[in-house]
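Okay, my_file_9.txt is below, compact mmCIF, C-alpha atoms:
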```txt
# COMPACT_ATOMS: atom_id res chain seq x y z
CA MET B 1 143.44 89.60 -60.94
CA ILE B 2 143.90 86.89 -63.59
CA ILE B 3 146.18 84.02 -62.61
CA GLU B 4 149.16 83.59 -64.92
CA LYS B 5 150.85 80.78 -63.00
CA ILE B 6 150.24 78.75 -59.84
CA ILE B 7 153.40 78.73 -57.71
CA ASN B 8 151.87 76.83 -54.78
CA ASN B 9 148.58 76.73 -52.85
CA ASN B 10 149.25 80.16 -51.35
CA ILE B 11 151.17 82.00 -54.09
CA VAL B 12 150.31 82.85 -57.71
CA LEU B 13 151.82 84.90 -60.49
CA THR B 14 149.39 87.47 -61.85
CA HIS B 15 149.16 91.05 -63.20
CA ASP B 16 148.22 94.24 -61.39
CA HIS B 17 145.94 97.01 -62.68
CA LYS B 18 148.84 98.40 -64.75
CA ASN B 19 149.38 94.98 -66.38
CA ARG B 20 152.69 94.47 -64.53
CA GLU B 21 153.65 90.94 -63.49
CA VAL B 22 153.39 90.57 -59.72
CA ILE B 23 153.44 87.75 -57.21
CA ALA B 24 150.28 87.62 -55.10
CA MET B 25 150.15 85.78 -51.80
CA GLY B 26 147.20 84.70 -49.66
CA LYS B 27 146.09 81.60 -47.80
CA GLY B 28 144.75 79.08 -50.32
CA ILE B 29 144.56 81.47 -53.29
CA GLY B 30 146.20 78.92 -55.59
CA PHE B 31 144.41 75.83 -54.29
CA GLY B 32 142.16 74.20 -56.89
CA ARG B 33 142.72 77.00 -59.40
CA ARG B 34 144.25 77.08 -62.85
CA LYS B 35 145.88 79.56 -65.15
CA GLY B 36 143.26 82.05 -66.34
CA ASP B 37 141.14 81.89 -63.17
CA THR B 38 140.52 85.10 -61.24
CA VAL B 39 141.62 86.04 -57.72
CA SER B 40 139.76 88.75 -55.80
CA GLN B 41 141.57 91.50 -53.90
CA SER B 42 140.03 90.31 -50.65
CA GLU B 43 141.87 86.99 -50.95
CA ILE B 44 145.32 88.61 -51.33
CA GLU B 45 147.40 89.29 -48.22
CA LYS B 46 150.62 90.49 -49.83
CA VAL B 47 151.81 91.52 -53.30
CA PHE B 48 155.46 91.41 -54.40
CA ARG B 49 156.29 93.84 -57.18
CA ILE B 50 159.71 92.99 -58.64
CA LYS B 51 160.62 94.99 -61.73
CA GLU B 52 163.62 93.00 -62.96
CA ASN B 53 162.49 89.95 -64.95
CA GLU B 54 165.50 87.79 -64.05
CA THR B 55 165.04 88.51 -60.35
CA LEU B 56 161.30 87.82 -60.62
CA LEU B 57 161.94 84.42 -62.21
CA LYS B 58 164.48 83.44 -59.55
CA PHE B 59 162.13 84.67 -56.82
CA GLN B 60 159.30 82.48 -58.14
CA ASP B 61 161.50 79.40 -58.02
CA MET B 62 162.84 80.19 -54.55
CA ILE B 63 159.61 80.93 -52.71
CA ALA B 64 157.68 77.83 -53.77
CA ASP B 65 158.91 75.90 -50.72
CA ILE B 66 159.22 78.74 -48.18
CA PRO B 67 156.45 79.22 -45.56
CA MET B 68 154.19 82.18 -46.30
CA GLU B 69 154.72 83.87 -42.91
CA ARG B 70 158.46 84.10 -43.59
CA LEU B 71 157.86 85.68 -47.00
CA ILE B 72 155.46 88.23 -45.53
CA LEU B 73 157.91 89.04 -42.73
CA THR B 74 160.74 89.55 -45.21
CA ASP B 75 158.65 91.87 -47.36
CA ASP B 76 157.65 93.86 -44.26
CA VAL B 77 161.32 94.27 -43.31
CA ILE B 78 162.26 95.43 -46.82
CA SER B 79 159.33 97.86 -46.90
CA TYR B 80 160.43 99.26 -43.53
CA ALA B 81 164.01 99.69 -44.79
CA ILE B 82 162.82 101.55 -47.89
CA ASN B 83 159.94 103.63 -46.52
CA VAL B 84 161.11 104.37 -42.96
CA GLU B 85 164.91 104.11 -43.11
CA ASN B 86 165.00 105.59 -46.64
CA LEU B 87 167.45 103.05 -48.00
CA LYS B 88 167.82 102.61 -51.75
CA LEU B 89 168.06 98.88 -52.32
CA SER B 90 168.59 96.72 -55.38
CA GLN B 91 165.77 94.33 -56.22
CA ASN B 92 168.14 91.47 -55.43
CA ILE B 93 167.41 92.04 -51.71
CA TYR B 94 164.18 90.05 -52.17
CA LEU B 95 166.18 86.99 -53.18
CA THR B 96 169.02 87.22 -50.69
CA LEU B 97 167.03 88.27 -47.61
CA VAL B 98 164.20 85.75 -48.09
CA ASP B 99 166.76 83.00 -48.54
CA HIS B 100 168.79 84.07 -45.50
CA ILE B 101 165.85 84.53 -43.13
CA ASN B 102 164.44 81.14 -44.11
CA PHE B 103 167.86 79.50 -43.64
CA ALA B 104 168.49 81.31 -40.33
CA ILE B 105 165.18 80.09 -38.89
CA GLU B 106 165.81 76.50 -39.99
CA ARG B 107 169.34 76.67 -38.62
CA PHE B 108 168.08 77.99 -35.28
CA LYS B 109 165.44 75.25 -35.02
CA GLU B 110 168.21 72.68 -35.46
CA GLY B 111 170.11 74.20 -32.54
CA MET B 112 172.82 75.93 -34.59
CA THR B 113 173.78 79.47 -33.53
CA PRO B 114 176.86 80.51 -35.54
CA GLU B 115 179.25 83.19 -34.40
CA ASN B 116 179.70 86.30 -36.54
CA ALA B 117 183.38 87.23 -36.70
CA LEU B 118 182.54 90.66 -38.15
CA MET B 119 180.07 91.77 -35.44
CA TRP B 120 182.25 94.51 -33.98
CA GLU B 121 183.00 96.03 -37.38
CA ILE B 122 179.38 95.77 -38.54
CA LYS B 123 178.09 97.56 -35.44
CA ARG B 124 180.77 100.23 -35.77
CA PHE B 125 180.63 101.00 -39.48
CA TYR B 126 177.10 99.94 -40.46
CA PRO B 127 174.91 100.93 -37.48
CA GLN B 128 171.79 101.61 -39.57
CA GLU B 129 171.98 98.22 -41.28
CA TYR B 130 172.68 96.49 -37.96
CA ALA B 131 169.62 98.19 -36.46
CA LEU B 132 167.60 96.75 -39.34
CA GLY B 133 169.00 93.34 -38.46
CA LEU B 134 167.81 93.76 -34.87
CA TYR B 135 164.42 94.95 -36.16
CA THR B 136 164.15 91.76 -38.21
CA LEU B 137 164.94 89.61 -35.16
CA ARG B 138 162.25 91.41 -33.16
CA LEU B 139 159.67 90.67 -35.86
CA ILE B 140 160.70 87.01 -35.93
CA HIS B 141 160.32 86.85 -32.14
CA ASP B 142 156.99 88.69 -32.09
CA ARG B 143 155.42 86.69 -34.92
CA MET B 144 157.01 83.26 -34.52
CA GLY B 145 158.18 83.15 -30.91
CA LEU B 146 161.78 82.43 -31.92
CA LEU B 147 164.61 84.32 -30.20
CA LEU B 148 167.45 84.25 -32.71
CA PRO B 149 170.91 85.41 -31.50
CA ASP B 150 172.22 88.91 -32.22
CA SER B 151 174.86 87.40 -34.51
CA GLU B 152 172.03 86.91 -37.04
CA ALA B 153 171.37 90.67 -36.96
CA GLY B 154 174.94 91.12 -38.20
CA PHE B 155 174.45 88.66 -41.04
CA ILE B 156 171.17 90.35 -42.03
CA ALA B 157 172.89 93.75 -41.92
CA LEU B 158 175.37 92.58 -44.56
CA HIS B 159 172.51 91.77 -46.94
CA PHE B 160 171.33 95.38 -46.65
CA VAL B 161 174.89 96.63 -47.24
CA ASN B 162 175.10 94.37 -50.29
CA ALA B 163 171.76 95.63 -51.66
CA GLN B 164 172.78 99.29 -51.25
CA TYR B 165 176.19 99.07 -52.87
CA SER B 166 175.25 96.41 -55.46
CA THR B 167 178.34 94.38 -54.67
CA HIS B 168 178.79 90.63 -54.59
CA MET B 169 178.51 89.08 -51.14
CA LYS B 170 182.21 88.16 -51.22
CA GLU B 171 183.04 91.86 -51.65
CA THR B 172 180.50 92.87 -49.01
CA LEU B 173 182.11 90.54 -46.47
CA SER B 174 185.44 92.30 -47.03
CA LEU B 175 184.05 95.81 -46.41
CA PRO B 176 183.93 95.79 -42.57
CA HIS B 177 187.56 94.73 -42.18
CA LEU B 178 188.62 97.20 -44.89
CA MET B 179 186.95 99.98 -42.90
CA ARG B 180 188.61 98.84 -39.68
CA ASP B 181 192.08 98.66 -41.22
CA ILE B 182 191.74 102.07 -42.87
CA MET B 183 190.87 103.70 -39.53
CA ASP B 184 193.85 101.91 -37.94
CA ILE B 185 196.16 103.27 -40.65
CA VAL B 186 194.97 106.84 -40.02
CA MET B 187 195.46 106.54 -36.26
CA SER B 188 198.90 104.92 -36.50
CA GLU B 189 200.24 107.12 -39.30
CA LEU B 190 199.12 110.40 -37.73
CA ASN B 191 199.31 109.30 -34.09
CA VAL B 192 195.73 110.31 -33.20
CA ASN B 193 192.65 108.73 -31.69
CA LEU B 194 189.50 109.26 -33.71
CA ASN B 195 186.29 110.49 -32.11
CA GLU B 196 183.68 108.09 -33.45
CA ASN B 197 180.88 110.42 -32.33
CA SER B 198 182.06 113.39 -34.37
CA ILE B 199 180.43 114.55 -37.60
CA HIS B 200 183.81 114.46 -39.37
CA TYR B 201 184.26 110.81 -38.44
CA GLU B 202 180.81 110.00 -39.80
CA ARG B 203 181.60 111.83 -43.04
CA PHE B 204 184.95 110.07 -43.33
CA VAL B 205 183.31 106.65 -42.94
CA THR B 206 180.70 107.59 -45.55
CA HIS B 207 183.42 108.79 -47.94
CA ILE B 208 185.33 105.52 -47.61
CA LYS B 209 182.16 103.48 -48.19
CA PHE B 210 181.38 105.31 -51.43
CA LEU B 211 185.02 105.30 -52.55
CA ILE B 212 185.02 101.50 -52.32
CA GLN B 213 181.65 101.37 -54.08
CA ARG B 214 183.02 103.50 -56.94
CA LEU B 215 186.05 101.23 -57.08
CA TYR B 216 183.96 98.06 -57.42
CA HIS B 217 181.77 99.73 -60.07
CA ASN B 218 184.78 101.14 -61.95
CA GLU B 219 183.54 104.71 -61.50
CA MET B 220 186.63 106.38 -60.05
CA LEU B 221 186.97 110.18 -60.14
CA SER B 222 189.12 111.21 -63.11
CA ASP B 223 192.61 112.73 -62.80
CA GLU B 224 191.95 116.17 -64.28
CA ASP B 225 192.76 118.73 -61.56
CA THR B 226 196.49 118.24 -60.92
CA ILE B 227 196.74 121.75 -59.41
CA PHE B 228 194.45 120.70 -56.58
CA GLU B 229 196.56 117.60 -56.00
CA ASP B 230 199.80 119.65 -55.88
CA MET B 231 198.22 122.08 -53.42
CA MET B 232 197.20 119.26 -51.07
CA LYS B 233 200.69 117.72 -51.26
CA GLU B 234 202.28 121.02 -50.29
CA LYS B 235 199.76 122.17 -47.66
CA TYR B 236 199.01 118.86 -45.95
CA PRO B 237 201.96 116.52 -46.67
CA ARG B 238 201.30 114.16 -43.73
CA GLU B 239 197.65 113.68 -44.61
CA PHE B 240 198.54 113.26 -48.29
CA GLU B 241 201.09 110.56 -47.47
CA CYS B 242 198.52 108.87 -45.23
CA GLY B 243 196.06 108.94 -48.14
CA LYS B 244 198.68 107.29 -50.36
CA ARG B 245 199.22 104.57 -47.77
CA ILE B 246 195.47 103.89 -47.57
CA ALA B 247 195.17 103.90 -51.36
CA LYS B 248 197.95 101.30 -51.64
CA TYR B 249 196.27 99.18 -48.99
CA ILE B 250 192.88 99.32 -50.77
CA GLU B 251 194.53 98.52 -54.11
CA HIS B 252 196.30 95.52 -52.57
CA GLU B 253 193.10 94.19 -50.98
CA THR B 254 190.77 94.77 -53.94
CA LYS B 255 193.25 94.27 -56.80
CA SER B 256 191.99 97.54 -58.34
CA GLY B 257 193.68 100.89 -58.88
CA ILE B 258 192.70 104.20 -57.25
CA THR B 259 193.07 107.46 -59.17
CA ARG B 260 195.18 110.35 -57.87
CA MET B 261 192.04 112.49 -57.57
CA GLU B 262 190.41 109.90 -55.32
CA MET B 263 193.58 109.88 -53.21
CA THR B 264 193.51 113.69 -53.01
CA TYR B 265 189.93 113.74 -51.73
CA LEU B 266 190.88 110.99 -49.31
CA ALA B 267 193.60 113.29 -47.92
CA ILE B 268 191.04 116.09 -47.44
CA HIS B 269 188.79 113.83 -45.37
CA ILE B 270 191.77 112.59 -43.38
CA LYS B 271 192.65 116.20 -42.56
CA ARG B 272 189.09 116.95 -41.48
CA VAL B 273 188.69 113.84 -39.34
CA THR B 274 192.01 114.41 -37.54
CA MET B 275 191.80 118.22 -37.07
CA SER B 276 189.95 118.10 -33.75
CA GLU B 277 192.05 115.19 -32.48
CA GLU B 278 195.49 116.79 -32.81
```
Would you mind writing the file out in C-alpha cells?
Amino acid sequence: MIIEKIINNNIVLTHDHKNREVIAMGKGIGFGRRKGDTVSQSEIEKVFRIKENETLLKFQDMIADIPMERLILTDDVISYAINVENLKLSQNIYLTLVDHINFAIERFKEGMTPENALMWEIKRFYPQEYALGLYTLRLIHDRMGLLLPDSEAGFIALHFVNAQYSTHMKETLSLPHLMRDIMDIVMSELNVNLNENSIHYERFVTHIKFLIQRLYHNEMLSDEDTIFEDMMKEKYPREFECGKRIAKYIEHETKSGITRMEMTYLAIHIKRVTMSEE
C-alpha cells in the first residue's frame, strides 16, 4: 500500500487494492516514513474502511491521539455488531464509539464512575444493544484489565441505538423514556399488565421504535385509506382512543405530527399486545 498521509507513528492513510481510501494501523508503520512510501501487508494489524468522506476526515483527526489498542477494540466491537448481531449501522458509529470508549476509559482511570439514569429503560427496550455494551466491557477487561461499571454498557448501548436509527444523540437519549411512557399509557388506559415476554409485546416495542424513527426522518405513512381508519374506530374504539392518546403524547414530546394512518396502525398493535392480557 502507498502512504497518502501519516496520521501518527502507528496510523497512516492509504488506498486498498480497489483504490479506496482506507486507514491502516500497525505498530510503527508511520514512523520514519513519508507520503509516497510503501507499507507491506505484514505490517498492518487493522484496516478501517469508511465510505463517507466527511466521516473519514473527522475520523482521521480524532484518532491521532487515541491509543491503538482502543481503536482496534472499537473496530472489533463494531465488526461483531455487524457480522454477528446483524445490525445495520451508520458509518458515524466509528466516530461516536471510538470517542466514547476512549473517554470512558480515561474517566474510569480518574476514578469517575457516573450513574446512568436510563439503565432500566435501556435494558428493557434495547436488550440487544445493552448486550453489546456488556460485550464491549468484557473486551476492555480482557485486553486492558479494567473493570468498567455496567452503567457504561448502557451508555455504549445508546451509541448503537443512535447508529441504527440515524438520530442525533439528543433524540436517542429521549427514546428510552418515550418507550416507558408509552407502555404506561397503554396499561393505564386499558387497565392491563403487559407480558414483556410475549411475541406481541416484542412486536409492539419494535413498531414504536420504527414509528419514532419514521417521525424523526419525516417518513410518516400517508393518510390514504380512511376506510381502514373508520373500521378500526368502530371495531376497537378503546384501542383507537388509546392510540390517539399515545400519538398526542409523542407529538408533544417530539414537536412533530403523526398521521392518522400511523395512529391506526398503532391501534392495531395496541389491540394485539393487550388481547392476551384482558
*List as a list of chain:residue names: which residues have an atom within 10 Å of (186.3, 103.8, -50.5), counting all atoms listed in the file?*
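Applying the cut-off with all atoms listed in the file, one gets B:Leu175, B:Leu178, B:Met179, B:Ile182, B:Phe204, B:Val205, B:Thr206, B:His207, B:Ile208, B:Lys209, B:Phe210, B:Leu211, B:Ile212, B:Gln213, B:Arg214, B:Leu215, B:Tyr216, B:Met220, B:Ile246, B:Ala247, B:Ile250, B:Ile258, B:Glu262, B:Met263, B:Leu266.
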_Top pick for closest residue to B:Arg70, considering B:Asp99, B:Glu251, B:Glu189, B:Glu229 and counting all atoms listed in the file_ = B:Asp99
*Just the residues within 8 Å of B:Leu118, please, counting all atoms listed in the file, with nothing from its chain fewer than 2 positions along; format it as a VMD selection string.*
chain B and resid 116 120 to 122 154 176 to 177
_When you look at stretch 130-132 of chain B with a cut-off of 9 Å (counting only C-alpha atoms), what residues show up, excluding the ones that are within fewer than 5 positions of it in the same chain? I need them as a list in words._
Val77, Tyr80, Ala81, Glu85, Ile122, Lys123, Leu137, Ala153, Gly154, Phe155, Ile156, Ala157, Leu158 and Phe160 of chain B
*How many Å lie between atom CA of B:Met231 and atom CA of B:Lys248, rounded to one decimal?*
20.9 Å
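The smallest atom-to-atom distance between B:Asp65 and any of B:Asn218, B:Thr14, B:Arg245, B:Ile7, using only C-alpha atoms, is found for B:Ile7.
What separates atom CA of B:Val273 from atom CA of B:Lys233 is a distance of 17.4 Å.
Nearest residue to B:Met232 among B:Glu202, B:Ala117, B:Ile270, B:Tyr249 is B:Ile270, counting all atoms listed in the file.
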_Please determine, counting only C-alpha atoms, which residue among B:Arg260, B:Lys51, B:Lys271, B:Arg138 has the shortest atom-to-atom distance to B:Pro237._
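Closest to B:Pro237, using only C-alpha atoms: B:Lys271.
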*Tell me which protein, DNA and RNA residues are within 9 Å of stretch 141-150 of chain B, counting only C-alpha atoms, leaving out same-chain ones fewer than 3 positions away, and put them as a PyMOL selection string.*
chain B and resi 69+73+104-105+108-109+113-114+119+133-134+136-138+153-154
Selection to disk with C-alpha atoms, as a compact mmCIF listing (two decimals), in the coordinates of the input:
```txt
# COMPACT_ATOMS: atom_id res chain seq x y z
CA GLU B 69 154.72 83.87 -42.91
CA LEU B 73 157.91 89.04 -42.73
CA ALA B 104 168.49 81.31 -40.33
CA ILE B 105 165.18 80.09 -38.89
CA PHE B 108 168.08 77.99 -35.28
CA LYS B 109 165.44 75.25 -35.02
CA THR B 113 173.78 79.47 -33.53
CA PRO B 114 176.86 80.51 -35.54
CA MET B 119 180.07 91.77 -35.44
CA GLY B 133 169.00 93.34 -38.46
CA LEU B 134 167.81 93.76 -34.87
CA THR B 136 164.15 91.76 -38.21
CA LEU B 137 164.94 89.61 -35.16
CA ARG B 138 162.25 91.41 -33.16
CA ALA B 153 171.37 90.67 -36.96
CA GLY B 154 174.94 91.12 -38.20
```
*Rank B:His252, B:Thr259, B:Asn193, B:Met187 by their smallest atom-to-atom distance to B:Leu221, using only C-alpha atoms, and report the top residue only.*
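For B:Leu221, the nearest of the given residues is B:Thr259.
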_Non-local contacts of B:Met25 (8 Å; all atoms listed in the file; under 5 positions in same chain excluded) as a ChimeraX atom specification_ = /B:10-12,44-47,68
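In this model, the gap between atom CA of B:His159 and atom CA of B:Asn9 comes to 28.9 Å.
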*Could you give me, as a PyMOL selection string, the residues within 8 Å of B:Arg238, counting only C-alpha atoms and dropping anything in the same chain fewer than 3 positions from it?*
chain B and resi 190+241-242
*asked:* I'd like to know which of B:Ile50, B:Leu95, B:Leu194, B:Ile3 is closest to B:Val22, using only C-alpha atoms.
replied: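 For B:Val22, the nearest of the given residues is B:Ile50.
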Using all atoms listed in the file, list the residues that have an atom at most 12 Å from (163.0, 94.1, -59.8), coordinates as in the file, as a compact mmCIF listing (two decimals) with C-alpha atoms, in the frame of the given file.
```
# COMPACT_ATOMS: atom_id res chain seq x y z
CA ARG B 20 152.69 94.47 -64.53
CA GLU B 21 153.65 90.94 -63.49
CA VAL B 22 153.39 90.57 -59.72
CA ILE B 23 153.44 87.75 -57.21
CA PHE B 48 155.46 91.41 -54.40
CA ARG B 49 156.29 93.84 -57.18
CA ILE B 50 159.71 92.99 -58.64
CA LYS B 51 160.62 94.99 -61.73
CA GLU B 52 163.62 93.00 -62.96
CA ASN B 53 162.49 89.95 -64.95
CA GLU B 54 165.50 87.79 -64.05
CA THR B 55 165.04 88.51 -60.35
CA LEU B 56 161.30 87.82 -60.62
CA LEU B 57 161.94 84.42 -62.21
CA LYS B 58 164.48 83.44 -59.55
CA PHE B 59 162.13 84.67 -56.82
CA LEU B 89 168.06 98.88 -52.32
CA SER B 90 168.59 96.72 -55.38
CA GLN B 91 165.77 94.33 -56.22
CA ASN B 92 168.14 91.47 -55.43
CA ILE B 93 167.41 92.04 -51.71
CA TYR B 94 164.18 90.05 -52.17
CA LEU B 95 166.18 86.99 -53.18
```
Grab all the atoms of stretch 238-251 of chain B that the file lists, wrap them in a box along x, y and z, add 3 Å per side, and give me centre plus edge lengths in Å (one decimal) as JSON.
```
{"center_x": 197.1, "center_y": 106.3, "center_z": -48.9, "size_x": 14.4, "size_y": 21.6, "size_z": 16.4}
```
Provide stretch 111-140 of chain B of the preceding structure as a file containing N, CA and C atoms, as an mmCIF file, in the first residue's frame.
```cif
data_model
loop_
_atom_site.group_PDB
_atom_site.id
_atom_site.type_symbol
_atom_site.label_atom_id
_atom_site.label_comp_id
_atom_site.auth_asym_id
_atom_site.auth_seq_id
_atom_site.Cartn_x
_atom_site.Cartn_y
_atom_site.Cartn_z
ATOM 1 N N GLY B 111 -11.040 7.684 38.350
ATOM 2 C CA GLY B 111 -11.899 7.350 39.490
ATOM 3 C C GLY B 111 -13.329 7.810 39.365
ATOM 4 N N MET B 112 -13.759 8.187 38.157
ATOM 5 C CA MET B 112 -15.137 8.643 37.951
ATOM 6 C C MET B 112 -15.985 7.509 37.371
ATOM 7 N N THR B 113 -17.069 7.167 38.062
ATOM 8 C CA THR B 113 -17.990 6.121 37.592
ATOM 9 C C THR B 113 -19.413 6.681 37.608
ATOM 10 N N PRO B 114 -19.817 7.355 36.546
ATOM 11 C CA PRO B 114 -21.119 8.036 36.522
ATOM 12 C C PRO B 114 -22.296 7.071 36.521
ATOM 13 N N GLU B 115 -23.379 7.506 37.132
ATOM 14 C CA GLU B 115 -24.621 6.744 37.103
ATOM 15 C C GLU B 115 -25.302 6.956 35.754
ATOM 16 N N ASN B 116 -26.077 5.959 35.336
ATOM 17 C CA ASN B 116 -26.853 6.066 34.099
ATOM 18 C C ASN B 116 -28.328 6.030 34.470
ATOM 19 N N ALA B 117 -28.979 7.185 34.399
ATOM 20 C CA ALA B 117 -30.376 7.298 34.822
ATOM 21 C C ALA B 117 -31.337 6.515 33.937
ATOM 22 N N LEU B 118 -30.873 6.093 32.758
ATOM 23 C CA LEU B 118 -31.752 5.390 31.811
ATOM 24 C C LEU B 118 -31.516 3.876 31.795
ATOM 25 N N MET B 119 -30.758 3.363 32.747
ATOM 26 C CA MET B 119 -30.371 1.942 32.718
ATOM 27 C C MET B 119 -31.565 0.997 32.627
ATOM 28 N N TRP B 120 -32.573 1.228 33.455
ATOM 29 C CA TRP B 120 -33.729 0.327 33.464
ATOM 30 C C TRP B 120 -34.415 0.308 32.106
ATOM 31 N N GLU B 121 -34.623 1.483 31.527
ATOM 32 C CA GLU B 121 -35.291 1.574 30.226
ATOM 33 C C GLU B 121 -34.436 0.977 29.109
ATOM 34 N N ILE B 122 -33.127 1.206 29.176
ATOM 35 C CA ILE B 122 -32.239 0.652 28.140
ATOM 36 C C ILE B 122 -32.270 -0.871 28.166
ATOM 37 N N LYS B 123 -32.158 -1.457 29.358
ATOM 38 C CA LYS B 123 -32.207 -2.917 29.478
ATOM 39 C C LYS B 123 -33.535 -3.470 28.978
ATOM 40 N N ARG B 124 -34.598 -2.756 29.260
ATOM 41 C CA ARG B 124 -35.950 -3.238 28.937
ATOM 42 C C ARG B 124 -36.275 -3.127 27.454
ATOM 43 N N PHE B 125 -35.931 -2.003 26.851
ATOM 44 C CA PHE B 125 -36.358 -1.747 25.477
ATOM 45 C C PHE B 125 -35.260 -1.940 24.425
ATOM 46 N N TYR B 126 -34.000 -1.995 24.861
ATOM 47 C CA TYR B 126 -32.895 -2.187 23.922
ATOM 48 C C TYR B 126 -31.955 -3.290 24.422
ATOM 49 N N PRO B 127 -32.493 -4.498 24.628
ATOM 50 C CA PRO B 127 -31.668 -5.576 25.201
ATOM 51 C C PRO B 127 -30.497 -5.991 24.316
ATOM 52 N N GLN B 128 -30.676 -5.971 23.002
ATOM 53 C CA GLN B 128 -29.590 -6.366 22.103
ATOM 54 C C GLN B 128 -28.444 -5.354 22.175
ATOM 55 N N GLU B 129 -28.796 -4.081 22.180
ATOM 56 C CA GLU B 129 -27.768 -3.044 22.250
ATOM 57 C C GLU B 129 -27.080 -3.050 23.621
ATOM 58 N N TYR B 130 -27.851 -3.324 24.668
ATOM 59 C CA TYR B 130 -27.255 -3.393 26.007
ATOM 60 C C TYR B 130 -26.286 -4.572 26.087
ATOM 61 N N ALA B 131 -26.666 -5.693 25.477
ATOM 62 C CA ALA B 131 -25.770 -6.858 25.451
ATOM 63 C C ALA B 131 -24.469 -6.516 24.735
ATOM 64 N N LEU B 132 -24.544 -5.698 23.690
ATOM 65 C CA LEU B 132 -23.332 -5.248 23.005
ATOM 66 C C LEU B 132 -22.483 -4.358 23.916
ATOM 67 N N GLY B 133 -23.153 -3.579 24.758
ATOM 68 C CA GLY B 133 -22.429 -2.771 25.728
ATOM 69 C C GLY B 133 -21.667 -3.641 26.712
ATOM 70 N N LEU B 134 -22.315 -4.706 27.189
ATOM 71 C CA LEU B 134 -21.654 -5.634 28.114
ATOM 72 C C LEU B 134 -20.510 -6.365 27.421
ATOM 73 N N TYR B 135 -20.710 -6.713 26.144
ATOM 74 C CA TYR B 135 -19.651 -7.358 25.352
ATOM 75 C C TYR B 135 -18.427 -6.452 25.264
ATOM 76 N N THR B 136 -18.675 -5.153 25.053
ATOM 77 C CA THR B 136 -17.582 -4.185 24.978
ATOM 78 C C THR B 136 -16.819 -4.123 26.298
ATOM 79 N N LEU B 137 -17.547 -4.110 27.408
ATOM 80 C CA LEU B 137 -16.895 -4.056 28.721
ATOM 81 C C LEU B 137 -16.054 -5.301 28.977
ATOM 82 N N ARG B 138 -16.531 -6.450 28.500
ATOM 83 C CA ARG B 138 -15.759 -7.691 28.662
ATOM 84 C C ARG B 138 -14.449 -7.612 27.877
ATOM 85 N N LEU B 139 -14.519 -7.075 26.659
ATOM 86 C CA LEU B 139 -13.291 -6.926 25.865
ATOM 87 C C LEU B 139 -12.314 -5.976 26.551
ATOM 88 N N ILE B 140 -12.823 -4.883 27.085
ATOM 89 C CA ILE B 140 -11.954 -3.928 27.786
ATOM 90 C C ILE B 140 -11.285 -4.606 28.979
#
```
